[in-house]
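work_34.pdb, holding PDB, C-alpha atoms:
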```pdb
ATOM      1  CA  MET A  13       0.000   0.000   0.000
ATOM      2  CA  ARG A  14       1.209   3.485  -0.835
ATOM      3  CA  ALA A  15      -0.091   5.849   1.843
ATOM      4  CA  PHE A  16      -0.241   9.648   1.818
ATOM      5  CA  VAL A  17      -0.294  11.172   5.322
ATOM      6  CA  THR A  18      -1.242  14.816   5.792
ATOM      7  CA  GLY A  19       0.196  16.211   8.984
ATOM      8  CA  GLY A  20       2.821  13.518   8.604
ATOM      9  CA  ALA A  21       5.342  15.299  10.853
ATOM     10  CA  GLY A  22       2.804  15.833  13.623
ATOM     11  CA  PHE A  23       2.029  13.891  16.785
ATOM     12  CA  ILE A  24      -0.389  11.322  15.373
ATOM     13  CA  GLY A  25       0.751  11.540  11.748
ATOM     14  CA  SER A  26       4.387  10.687  12.427
ATOM     15  CA  THR A  27       3.357   7.839  14.741
ATOM     16  CA  LEU A  28       1.067   6.463  12.031
ATOM     17  CA  ALA A  29       3.841   6.772   9.434
ATOM     18  CA  ASP A  30       6.187   4.733  11.636
ATOM     19  CA  ARG A  31       3.569   1.982  11.980
ATOM     20  CA  LEU A  32       2.919   1.925   8.231
ATOM     21  CA  LEU A  33       6.619   1.653   7.435
ATOM     22  CA  ALA A  34       6.996  -1.147   9.977
ATOM     23  CA  GLY A  35       4.142  -2.938   8.207
ATOM     24  CA  GLY A  36       5.946  -2.857   4.864
ATOM     25  CA  HIS A  37       3.990   0.030   3.315
ATOM     26  CA  ARG A  38       5.284   3.043   1.392
ATOM     27  CA  VAL A  39       4.624   6.424   2.992
ATOM     28  CA  THR A  40       4.553   9.994   1.756
ATOM     29  CA  ALA A  41       4.308  12.512   4.593
ATOM     30  CA  PHE A  42       2.981  15.984   3.740
ATOM     31  CA  ASP A  43       3.397  18.745   6.329
ATOM     32  CA  ASN A  44       3.854  22.523   6.479
ATOM     33  CA  PHE A  45       5.614  22.290   9.871
ATOM     34  CA  SER A  46       3.326  24.820  11.506
ATOM     35  CA  SER A  47       3.078  22.388  14.417
ATOM     36  CA  GLY A  48       4.882  19.292  13.086
ATOM     37  CA  GLN A  49       8.414  18.614  14.272
ATOM     38  CA  ARG A  50      11.394  17.604  12.148
ATOM     39  CA  ASP A  51      12.680  15.534  15.050
ATOM     40  CA  PHE A  52       9.608  13.298  14.711
ATOM     41  CA  VAL A  53      10.509  12.319  11.137
ATOM     42  CA  ALA A  54      14.300  12.269  11.403
ATOM     43  CA  GLN A  55      14.504   8.488  11.669
ATOM     44  CA  SER A  56      11.928   7.870   8.921
ATOM     45  CA  LEU A  57      13.908   9.973   6.436
ATOM     46  CA  ALA A  58      16.510   7.209   6.280
ATOM     47  CA  HIS A  59      13.885   4.619   5.288
ATOM     48  CA  PRO A  60      13.845   3.754   1.556
ATOM     49  CA  ASP A  61      10.033   3.665   1.454
ATOM     50  CA  TYR A  62       9.544   7.085   3.055
ATOM     51  CA  GLN A  63       9.224  10.484   1.420
ATOM     52  CA  LEU A  64       8.681  13.832   3.117
ATOM     53  CA  ILE A  65       7.098  16.701   1.196
ATOM     54  CA  GLU A  66       7.046  20.105   2.842
ATOM     55  CA  GLY A  67       3.883  21.833   1.687
ATOM     56  CA  ASP A  68       0.622  23.442   2.724
ATOM     57  CA  LEU A  69      -2.820  21.967   2.095
ATOM     58  CA  LEU A  70      -3.977  25.401   0.917
ATOM     59  CA  ASP A  71      -1.453  25.178  -1.946
ATOM     60  CA  LYS A  72      -3.728  23.256  -4.293
ATOM     61  CA  ASP A  73      -1.191  22.798  -7.107
ATOM     62  CA  ARG A  74       1.500  21.327  -4.842
ATOM     63  CA  LEU A  75      -1.034  19.121  -3.085
ATOM     64  CA  ARG A  76      -2.540  17.823  -6.330
ATOM     65  CA  GLU A  77       0.874  16.800  -7.619
ATOM     66  CA  ALA A  78       1.849  15.159  -4.314
ATOM     67  CA  VAL A  79      -1.325  13.066  -3.866
ATOM     68  CA  ARG A  80      -1.335  11.490  -7.314
ATOM     69  CA  GLY A  81      -0.368   7.819  -7.420
ATOM     70  CA  HIS A  82      -1.262   6.872  -3.846
ATOM     71  CA  ASP A  83      -3.671   4.167  -2.702
ATOM     72  CA  VAL A  84      -5.068   5.886   0.382
ATOM     73  CA  VAL A  85      -4.935   9.292   2.072
ATOM     74  CA  PHE A  86      -4.730   9.527   5.847
ATOM     75  CA  HIS A  87      -5.901  13.094   6.408
ATOM     76  CA  LEU A  88      -4.691  14.074   9.876
ATOM     77  CA  ALA A  89      -3.548  17.670   9.352
ATOM     78  CA  ALA A  90      -5.728  20.255  11.075
ATOM     79  CA  ASN A  91      -5.810  23.238  13.354
ATOM     80  CA  ALA A  92      -6.409  21.534  16.679
ATOM     81  CA  ASP A  93      -6.416  24.648  18.856
ATOM     82  CA  VAL A  94      -9.986  24.448  20.178
ATOM     83  CA  ARG A  95      -9.407  26.800  23.078
ATOM     84  CA  HIS A  96      -8.402  29.865  21.048
ATOM     85  CA  GLY A  97     -10.720  29.263  18.100
ATOM     86  CA  LEU A  98     -12.882  32.329  18.710
ATOM     87  CA  GLU A  99      -9.795  34.546  18.628
ATOM     88  CA  HIS A 100      -9.000  33.361  15.078
ATOM     89  CA  PRO A 101     -12.390  32.499  13.525
ATOM     90  CA  ARG A 102     -11.019  32.038  10.005
ATOM     91  CA  ARG A 103      -8.353  29.520  11.036
ATOM     92  CA  ASP A 104     -10.649  26.515  11.526
ATOM     93  CA  LEU A 105     -12.390  27.197   8.230
ATOM     94  CA  ASP A 106      -9.130  27.408   6.288
ATOM     95  CA  GLN A 107      -7.025  24.742   7.970
ATOM     96  CA  ASN A 108      -9.801  22.219   8.554
ATOM     97  CA  THR A 109     -12.689  22.643   6.114
ATOM     98  CA  ILE A 110     -11.055  24.283   3.081
ATOM     99  CA  ALA A 111      -7.968  22.111   3.510
ATOM    100  CA  THR A 112     -10.159  18.984   3.509
ATOM    101  CA  PHE A 113     -11.929  20.151   0.355
ATOM    102  CA  ASN A 114      -8.525  20.605  -1.291
ATOM    103  CA  VAL A 115      -7.509  17.090  -0.226
ATOM    104  CA  LEU A 116     -10.703  15.607  -1.664
ATOM    105  CA  GLU A 117     -10.352  17.498  -4.936
ATOM    106  CA  SER A 118      -6.720  16.444  -5.272
ATOM    107  CA  MET A 119      -7.797  12.856  -4.698
ATOM    108  CA  ARG A 120     -10.584  13.104  -7.276
ATOM    109  CA  GLU A 121      -8.278  14.588  -9.898
ATOM    110  CA  GLY A 122      -5.568  12.035  -9.109
ATOM    111  CA  SER A 123      -7.923   9.018  -9.074
ATOM    112  CA  VAL A 124      -7.277   8.256  -5.399
ATOM    113  CA  ARG A 125     -10.484   6.929  -3.869
ATOM    114  CA  ARG A 126      -9.829   6.078  -0.207
ATOM    115  CA  ILE A 127      -9.601   8.575   2.669
ATOM    116  CA  VAL A 128      -9.114   8.051   6.398
ATOM    117  CA  PHE A 129     -10.064  11.169   8.353
ATOM    118  CA  SER A 130      -9.368  12.323  11.903
ATOM    119  CA  SER A 131     -12.550  13.958  13.118
ATOM    120  CA  THR A 132     -13.368  14.728  16.745
ATOM    121  CA  GLY A 133     -15.756  13.963  19.559
ATOM    122  CA  SER A 134     -16.221  17.736  19.778
ATOM    123  CA  ILE A 135     -18.794  17.514  16.980
ATOM    124  CA  TYR A 136     -21.266  16.198  19.591
ATOM    125  CA  GLY A 137     -21.132  19.542  21.403
ATOM    126  CA  GLU A 138     -22.773  18.906  24.779
ATOM    127  CA  PRO A 139     -24.928  15.810  24.189
ATOM    128  CA  ASP A 140     -27.609  14.408  26.463
ATOM    129  CA  VAL A 141     -26.594  10.757  25.983
ATOM    130  CA  PHE A 142     -23.544   9.191  27.704
ATOM    131  CA  PRO A 143     -21.612   7.302  26.580
ATOM    132  CA  THR A 144     -22.332   9.094  23.305
ATOM    133  CA  PRO A 145     -22.900   6.832  20.246
ATOM    134  CA  GLU A 146     -22.164   7.716  16.611
ATOM    135  CA  ASP A 147     -25.875   8.096  15.828
ATOM    136  CA  CYS A 148     -26.570  10.488  18.696
ATOM    137  CA  PRO A 149     -28.682  13.508  17.624
ATOM    138  CA  PHE A 150     -26.372  16.466  17.169
ATOM    139  CA  PRO A 151     -27.036  19.435  19.455
ATOM    140  CA  VAL A 152     -25.982  23.003  18.711
ATOM    141  CA  GLN A 153     -22.273  23.191  17.875
ATOM    142  CA  THR A 154     -20.262  24.733  20.706
ATOM    143  CA  SER A 155     -16.884  25.374  19.033
ATOM    144  CA  LEU A 156     -15.677  26.559  15.652
ATOM    145  CA  TYR A 157     -13.290  23.606  15.662
ATOM    146  CA  GLY A 158     -16.102  21.090  16.074
ATOM    147  CA  ALA A 159     -18.228  22.857  13.481
ATOM    148  CA  SER A 160     -15.392  22.846  10.952
ATOM    149  CA  LYS A 161     -14.745  19.127  11.498
ATOM    150  CA  LEU A 162     -18.427  18.333  11.077
ATOM    151  CA  ALA A 163     -18.346  20.216   7.777
ATOM    152  CA  CYS A 164     -15.370  18.053   6.761
ATOM    153  CA  GLU A 165     -17.378  14.928   7.518
ATOM    154  CA  GLY A 166     -20.184  16.221   5.322
ATOM    155  CA  LEU A 167     -17.804  16.828   2.431
ATOM    156  CA  ILE A 168     -16.250  13.371   2.757
ATOM    157  CA  SER A 169     -19.604  11.593   2.843
ATOM    158  CA  ALA A 170     -20.741  13.590  -0.212
ATOM    159  CA  TYR A 171     -17.597  12.631  -2.150
ATOM    160  CA  CYS A 172     -18.127   9.008  -1.152
ATOM    161  CA  THR A 173     -21.689   9.153  -2.495
ATOM    162  CA  GLY A 174     -21.007  11.284  -5.551
ATOM    163  CA  TYR A 175     -17.587  10.084  -6.709
ATOM    164  CA  GLY A 176     -17.395   6.524  -5.405
ATOM    165  CA  PHE A 177     -14.856   7.276  -2.671
ATOM    166  CA  SER A 178     -14.485   5.096   0.404
ATOM    167  CA  GLY A 179     -14.148   6.918   3.707
ATOM    168  CA  TRP A 180     -13.274   6.038   7.291
ATOM    169  CA  VAL A 181     -14.102   8.841   9.729
ATOM    170  CA  PHE A 182     -12.780   8.597  13.276
ATOM    171  CA  ARG A 183     -14.196  10.810  15.993
ATOM    172  CA  PHE A 184     -11.350  10.989  18.474
ATOM    173  CA  VAL A 185     -11.309  11.884  22.109
ATOM    174  CA  SER A 186      -8.096  13.721  23.034
ATOM    175  CA  ILE A 187      -5.022  11.651  22.176
ATOM    176  CA  LEU A 188      -2.052  11.212  24.510
ATOM    177  CA  GLY A 189       1.390   9.655  24.229
ATOM    178  CA  GLU A 190       4.875  10.110  22.873
ATOM    179  CA  ARG A 191       5.295  13.166  20.568
ATOM    180  CA  TYR A 192       2.296  14.849  22.189
ATOM    181  CA  THR A 193       2.532  18.591  21.503
ATOM    182  CA  HIS A 194      -0.589  20.316  22.806
ATOM    183  CA  GLY A 195      -3.356  19.887  25.343
ATOM    184  CA  HIS A 196      -3.853  19.817  29.065
ATOM    185  CA  VAL A 197      -0.942  17.528  29.999
ATOM    186  CA  PHE A 198       1.428  19.640  27.906
ATOM    187  CA  ASP A 199       0.154  22.869  29.473
ATOM    188  CA  PHE A 200       0.312  21.555  33.046
ATOM    189  CA  VAL A 201       3.806  20.090  32.688
ATOM    190  CA  LYS A 202       5.038  23.317  31.108
ATOM    191  CA  GLN A 203       3.550  25.388  33.939
ATOM    192  CA  LEU A 204       4.990  23.149  36.638
ATOM    193  CA  ARG A 205       8.474  23.128  35.112
ATOM    194  CA  ALA A 206       8.428  26.923  35.302
ATOM    195  CA  ASP A 207       6.846  27.089  38.776
ATOM    196  CA  PRO A 208       6.534  23.801  40.707
ATOM    197  CA  ALA A 209       4.686  25.533  43.553
ATOM    198  CA  ASN A 210       1.681  26.827  41.611
ATOM    199  CA  LEU A 211      -0.692  25.531  38.945
ATOM    200  CA  LYS A 212      -3.491  27.433  37.225
ATOM    201  CA  ILE A 213      -6.419  25.275  36.116
ATOM    202  CA  LEU A 214      -9.066  26.550  33.712
ATOM    203  CA  GLY A 215     -12.588  25.888  34.975
ATOM    204  CA  ASP A 216     -13.353  24.157  38.272
ATOM    205  CA  GLY A 217     -11.247  21.021  37.701
ATOM    206  CA  LYS A 218     -14.341  18.839  37.697
ATOM    207  CA  GLN A 219     -14.605  18.614  33.905
ATOM    208  CA  ARG A 220     -14.688  14.944  32.935
ATOM    209  CA  LYS A 221     -12.783  13.853  29.852
ATOM    210  CA  SER A 222     -11.893  10.657  28.046
ATOM    211  CA  TYR A 223      -8.455  10.170  26.487
ATOM    212  CA  LEU A 224      -6.781   7.571  24.266
ATOM    213  CA  TYR A 225      -3.159   6.489  23.902
ATOM    214  CA  VAL A 226      -1.738   7.304  20.461
ATOM    215  CA  GLN A 227      -0.651   3.743  19.628
ATOM    216  CA  ASP A 228      -4.167   2.484  20.408
ATOM    217  CA  CYS A 229      -5.551   5.200  18.130
ATOM    218  CA  VAL A 230      -3.287   4.240  15.224
ATOM    219  CA  GLU A 231      -4.021   0.556  15.704
ATOM    220  CA  ALA A 232      -7.771   1.215  15.500
ATOM    221  CA  MET A 233      -7.493   3.156  12.237
ATOM    222  CA  LEU A 234      -5.398   0.488  10.553
ATOM    223  CA  LEU A 235      -7.655  -2.313  11.785
ATOM    224  CA  ALA A 236     -10.803  -0.628  10.439
ATOM    225  CA  LEU A 237      -9.125  -0.127   7.082
ATOM    226  CA  GLU A 238      -8.203  -3.814   7.005
ATOM    227  CA  LYS A 239     -11.559  -5.174   8.211
ATOM    228  CA  GLN A 240     -13.787  -2.931   6.074
ATOM    229  CA  PRO A 241     -11.835  -2.206   2.880
ATOM    230  CA  GLN A 242     -14.475  -0.091   1.129
ATOM    231  CA  GLY A 243     -17.582   1.937   1.945
ATOM    232  CA  TYR A 244     -18.265   4.853   4.289
ATOM    233  CA  TYR A 245     -17.846   4.367   8.032
ATOM    234  CA  VAL A 246     -17.918   6.543  11.138
ATOM    235  CA  PHE A 247     -16.272   5.337  14.343
ATOM    236  CA  ASN A 248     -15.915   6.828  17.789
ATOM    237  CA  LEU A 249     -12.437   6.294  19.215
ATOM    238  CA  GLY A 250     -11.835   6.436  22.941
ATOM    239  CA  THR A 251     -11.656   4.383  26.093
ATOM    240  CA  ASP A 252     -14.511   3.030  28.200
ATOM    241  CA  GLU A 253     -13.604   5.387  31.027
ATOM    242  CA  TYR A 254     -13.031   9.043  31.791
ATOM    243  CA  VAL A 255     -11.177  11.120  34.362
ATOM    244  CA  SER A 256     -11.679  14.550  35.838
ATOM    245  CA  VAL A 257      -9.160  17.315  35.238
ATOM    246  CA  ASN A 258      -8.300  17.139  38.950
ATOM    247  CA  GLU A 259      -7.546  13.426  38.593
ATOM    248  CA  SER A 260      -5.237  14.210  35.670
ATOM    249  CA  VAL A 261      -3.464  16.788  37.800
ATOM    250  CA  SER A 262      -2.934  14.185  40.534
ATOM    251  CA  VAL A 263      -1.218  11.816  38.110
ATOM    252  CA  ILE A 264       0.951  14.559  36.594
ATOM    253  CA  THR A 265       2.079  16.026  39.916
ATOM    254  CA  LYS A 266       2.865  12.581  41.304
ATOM    255  CA  VAL A 267       5.102  11.784  38.319
ATOM    256  CA  MET A 268       6.816  15.169  38.640
ATOM    257  CA  GLY A 269       7.177  14.875  42.414
ATOM    258  CA  VAL A 270       5.570  18.245  43.145
ATOM    259  CA  ARG A 271       2.684  19.439  45.327
ATOM    260  CA  PRO A 272       1.587  22.782  43.904
ATOM    261  CA  ASP A 273      -1.107  25.117  45.133
ATOM    262  CA  LEU A 274      -4.029  24.865  42.707
ATOM    263  CA  ALA A 275      -5.785  27.989  41.449
ATOM    264  CA  TYR A 276      -9.040  27.623  39.509
ATOM    265  CA  THR A 277     -10.556  30.128  37.104
ATOM    266  CA  GLY A 278     -14.030  28.852  38.088
ATOM    267  CA  GLY A 279     -17.123  27.587  36.303
ATOM    268  CA  GLU A 280     -17.815  24.176  34.799
ATOM    269  CA  ARG A 281     -16.056  25.122  31.518
ATOM    270  CA  GLY A 282     -12.467  26.181  31.033
ATOM    271  CA  TRP A 283     -13.416  28.333  28.029
ATOM    272  CA  ILE A 284     -16.273  28.857  25.606
ATOM    273  CA  GLY A 285     -16.690  25.555  23.752
ATOM    274  CA  ASP A 286     -15.051  23.454  26.461
ATOM    275  CA  SER A 287     -17.420  20.536  27.016
ATOM    276  CA  PRO A 288     -17.673  19.658  30.725
ATOM    277  CA  PHE A 289     -18.174  15.952  29.958
ATOM    278  CA  ILE A 290     -16.776  13.906  27.054
ATOM    279  CA  PHE A 291     -17.398  10.158  27.038
ATOM    280  CA  LEU A 292     -17.909   8.273  23.767
ATOM    281  CA  ASP A 293     -19.537   4.914  23.083
ATOM    282  CA  CYS A 294     -16.899   2.910  21.193
ATOM    283  CA  ALA A 295     -18.816  -0.368  20.838
ATOM    284  CA  LYS A 296     -18.854  -0.068  17.050
ATOM    285  CA  MET A 297     -15.059   0.001  16.845
ATOM    286  CA  ARG A 298     -14.759  -2.714  19.491
ATOM    287  CA  SER A 299     -16.995  -4.966  17.376
ATOM    288  CA  LEU A 300     -14.098  -5.208  14.894
ATOM    289  CA  GLY A 301     -11.930  -6.771  17.578
ATOM    290  CA  TRP A 302     -10.172  -3.605  18.759
ATOM    291  CA  ALA A 303      -9.645  -2.633  22.374
ATOM    292  CA  PRO A 304      -7.332   0.017  23.868
ATOM    293  CA  ARG A 305      -4.348  -1.479  25.629
ATOM    294  CA  LEU A 306      -3.548   1.461  27.893
ATOM    295  CA  ARG A 307      -5.854   2.995  30.481
ATOM    296  CA  ILE A 308      -6.142   6.755  30.801
ATOM    297  CA  ALA A 309      -4.043   7.139  33.952
ATOM    298  CA  ALA A 310      -1.222   5.132  32.371
ATOM    299  CA  ALA A 311      -1.430   7.242  29.201
ATOM    300  CA  ILE A 312      -1.218  10.461  31.235
ATOM    301  CA  GLU A 313       1.764   9.100  33.166
ATOM    302  CA  ARG A 314       3.541   7.990  29.990
ATOM    303  CA  THR A 315       2.901  11.352  28.326
ATOM    304  CA  THR A 316       4.201  13.266  31.327
ATOM    305  CA  ARG A 317       7.401  11.204  31.442
ATOM    306  CA  TYR A 318       7.916  11.709  27.706
ATOM    307  CA  LEU A 319       7.651  15.495  28.071
ATOM    308  CA  LEU A 320      10.055  15.527  31.009
ATOM    309  CA  LEU A 321      12.559  13.521  28.956
ATOM    310  CA  ASN A 322      12.096  15.878  25.988
ATOM    311  CA  PRO A 323      12.100  19.406  27.445
ATOM    312  CA  TRP A 324      13.117  20.798  24.033
ATOM    313  CA  LEU A 325       9.519  20.250  22.955
ATOM    314  CA  LEU A 326       8.131  22.210  25.893
ATOM    315  CA  ASP A 327      10.603  25.006  25.282
ATOM    316  CA  ARG A 328      10.024  25.093  21.524
ATOM    317  CA  ARG A 329       6.237  25.337  21.712
ATOM    318  CA  SER A 330       5.454  28.738  23.200
TER
END
```
Have the structure of the file written as structure tokens, please.
Amino acid sequence: MRAFVTGGAGFIGSTLADRLLAGGHRVTAFDNFSSGQRDFVAQSLAHPDYQLIEGDLLDKDRLREAVRGHDVVFHLAANADVRHGLEHPRRDLDQNTIATFNVLESMREGSVRRIVFSSTGSIYGEPDVFPTPEDCPFPVQTSLYGASKLACEGLISAYCTGYGFSGWVFRFVSILGERYTHGHVFDFVKQLRADPANLKILGDGKQRKSYLYVQDCVEAMLLALEKQPQGYYVFNLGTDEYVSVNESVSVITKVMGVRPDLAYTGGERGWIGDSPFIFLDCAKMRSLGWAPRLRIAAAIERTTRYLLLNPWLLDRRS
């Protein structure tokens, strides 16, 4: 299989590329390095079946040329900054929705008919059903990020219907693990390295979230592609558990050996669009024989240790 990975130098994309190469596949990674890291692809560059193309998904000509000749596109590139979305309202449209349209058009013109897409559990907004299944009625969208990803899903399903594409859409919870570059664990570790005695927590710390280890995430995507080789599918991806923000803090501070004073900004949400409870029903993905191997607490611990061993990443990402 010849795979094209957008966001191929990013957290999930580079991890996926490593797994594909280990499985004997050929990989082209496409990344503009806005958040991707060259260190993540340094080892892959020496592999004979790996190619790195530095480019932007908004550059339609470069993208069209790069996609041609591949068997499947893993579209992982996106603006994942949910928290600051309202400060940059155009960013989610451009980097998520328009970028996905450009990917689909490049595929259509290059006769590539299979796309694997990283969506998000944020498209459920604040649902009334927990754990939340894939066919849950959608409430009002609560973030520009979620809205832009839902628009991407609509485009993909329309291309599958209209042009005979096959699509695998994965609605992720937050992903943790090695090469993690943004999110609550990153922010807390960065704060505590600078000031071990104090930690600022957005919201009241009682927000409940589900997380998934990156290797479990990659394994699920590859398994679904293997088990259901054509068609249009939507899968939730997460664990059958959740933790509060305060519980995450307990794991992180224990690993770091610190006991900071905790200061809360208050309210059940850390920011506008922050869902106070995320917990997805993943029975559909489990029916294919998949199950996460790492529990949330272990994933938080592993992520924290990785960041402490790689302080260059904390220092580089301001």
(Q) Residues near segment 77-87 of chain A, anyone? I mean within 6 Å using only C-alpha atoms, not counting same-chain ones fewer than 5 positions away, as an MDAnalysis selection string. (A) chainID A and resid 14:18 122 126:129
Output C-alpha atoms for every residue in the selection just made, as a CSV table (one decimal), keeping the file's coordinate frame.
```csv
chain,number,residue,atom,x,y,z
A,14,ARG,CA,1.2,3.5,-0.8
A,15,ALA,CA,-0.1,5.8,1.8
A,16,PHE,CA,-0.2,9.6,1.8
A,17,VAL,CA,-0.3,11.2,5.3
A,18,THR,CA,-1.2,14.8,5.8
A,122,GLY,CA,-5.6,12.0,-9.1
A,126,ARG,CA,-9.8,6.1,-0.2
A,127,ILE,CA,-9.6,8.6,2.7
A,128,VAL,CA,-9.1,8.1,6.4
A,129,PHE,CA,-10.1,11.2,8.4
```
Q: Identify, on the basis of only C-alpha atoms, every residue whose closest approach to Glu138 of chain A does not exceed 10 Å; exclude the query and any residue fewer than 6 positions from it along the same chain; express the result as a PyMOL selection string.
A: chain A and resi 144+150-154+285-290
(Q) Report, in Å to a single decimal, how far apart atom CA of Asp293 of chain A and atom CA of Asp199 of chain A are. (A)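 So the answer is 27.4 Å.
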Q. Atom CA of Lys212 of chain A and atom CA of Gly189 of chain A are how many Å apart?
A.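 Straight-line distance from atom CA of Lys212 of chain A to atom CA of Gly189 of chain A works out to 22.6 Å.
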(Q) Which residue is closest to His194 of chain A? Choose from A:Gly25, A:Ala311, A:Arg95, A:Phe45 and count all atoms listed in the file. (A)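 Ranking A:Gly25, A:Ala311, A:Arg95, A:Phe45 by distance to His194 of chain A, first place goes to A:Arg95.
Here the PyMOL selection byres ((chain A and resi 269) around 12) matches the residues Val201, Leu204, Arg205, Pro208, Ala209, Val261, Ser262, Val263, Ile264, Thr265, Lys266, Val267, Met268, Val270, Arg271, Pro272, Thr316, Arg317 and Leu320 of chain A.
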Q. Which residues, written as a list in words, have at least one atom at most 12 Å from Leu326 of chain A, with all atoms listed in the file counted and residues fewer than 3 positions away on the same chain left out?
A. Arg191, Tyr192, Thr193, His194, Gly195, Val197, Phe198, Asp199, Phe200, Val201, Lys202, Gln203, Leu204, Arg205, Ala206, Thr316, Tyr318, Leu319, Leu320, Leu321, Asn322, Pro323, Arg329 and Ser330 of chain A
**Q.** Test item: the PyMOL selection byres ((chain A and resi 28) around 10) resolved as a list of chain:residue names
**A.**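 The output of the PyMOL selection byres ((chain A and resi 28) around 10) on this file is A:Val17, A:Gly20, A:Ala21, A:Gly22, A:Phe23, A:Ile24, A:Gly25, A:Ser26, A:Thr27, A:Ala29, A:Asp30, A:Arg31, A:Leu32, A:Leu33, A:Ala34, A:Val39, A:Phe86, A:Leu88, A:Val226, A:Gln227, A:Cys229, A:Val230, A:Glu231, A:Met233, A:Leu234.
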Q) At what distance in Å, to one decimal, does atom CA of Ser186 of chain A lie from atom CA of Trp324 of chain A? A)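 Interatomic distance here is 22.4 Å.
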Can you list, as a PDB file with C-alpha atoms, in the coordinates of the input, every protein, DNA or RNA residue that comes within 10 Å of Gly215 of chain A when you count all atoms listed in the file, leaving out same-chain residues fewer than 2 positions away?
```
ATOM      1  CA  LYS A 212      -3.491  27.433  37.225  1.00  0.00           C
ATOM      2  CA  ILE A 213      -6.419  25.275  36.116  1.00  0.00           C
ATOM      3  CA  GLY A 217     -11.247  21.021  37.701  1.00  0.00           C
ATOM      4  CA  LYS A 218     -14.341  18.839  37.697  1.00  0.00           C
ATOM      5  CA  GLN A 219     -14.605  18.614  33.905  1.00  0.00           C
ATOM      6  CA  VAL A 257      -9.160  17.315  35.238  1.00  0.00           C
ATOM      7  CA  ALA A 275      -5.785  27.989  41.449  1.00  0.00           C
ATOM      8  CA  TYR A 276      -9.040  27.623  39.509  1.00  0.00           C
ATOM      9  CA  THR A 277     -10.556  30.128  37.104  1.00  0.00           C
ATOM     10  CA  GLY A 278     -14.030  28.852  38.088  1.00  0.00           C
ATOM     11  CA  GLY A 279     -17.123  27.587  36.303  1.00  0.00           C
ATOM     12  CA  GLU A 280     -17.815  24.176  34.799  1.00  0.00           C
ATOM     13  CA  ARG A 281     -16.056  25.122  31.518  1.00  0.00           C
ATOM     14  CA  GLY A 282     -12.467  26.181  31.033  1.00  0.00           C
ATOM     15  CA  TRP A 283     -13.416  28.333  28.029  1.00  0.00           C
ATOM     16  CA  ASP A 286     -15.051  23.454  26.461  1.00  0.00           C
ATOM     17  CA  PRO A 288     -17.673  19.658  30.725  1.00  0.00           C
TER      18      PRO A 288
END
```
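Among A:Tyr62, A:Tyr223, A:Phe113, A:Tyr171, the residue with the shortest atom-to-atom distance to Thr132 of chain A, counting only C-alpha atoms, is A:Tyr223.
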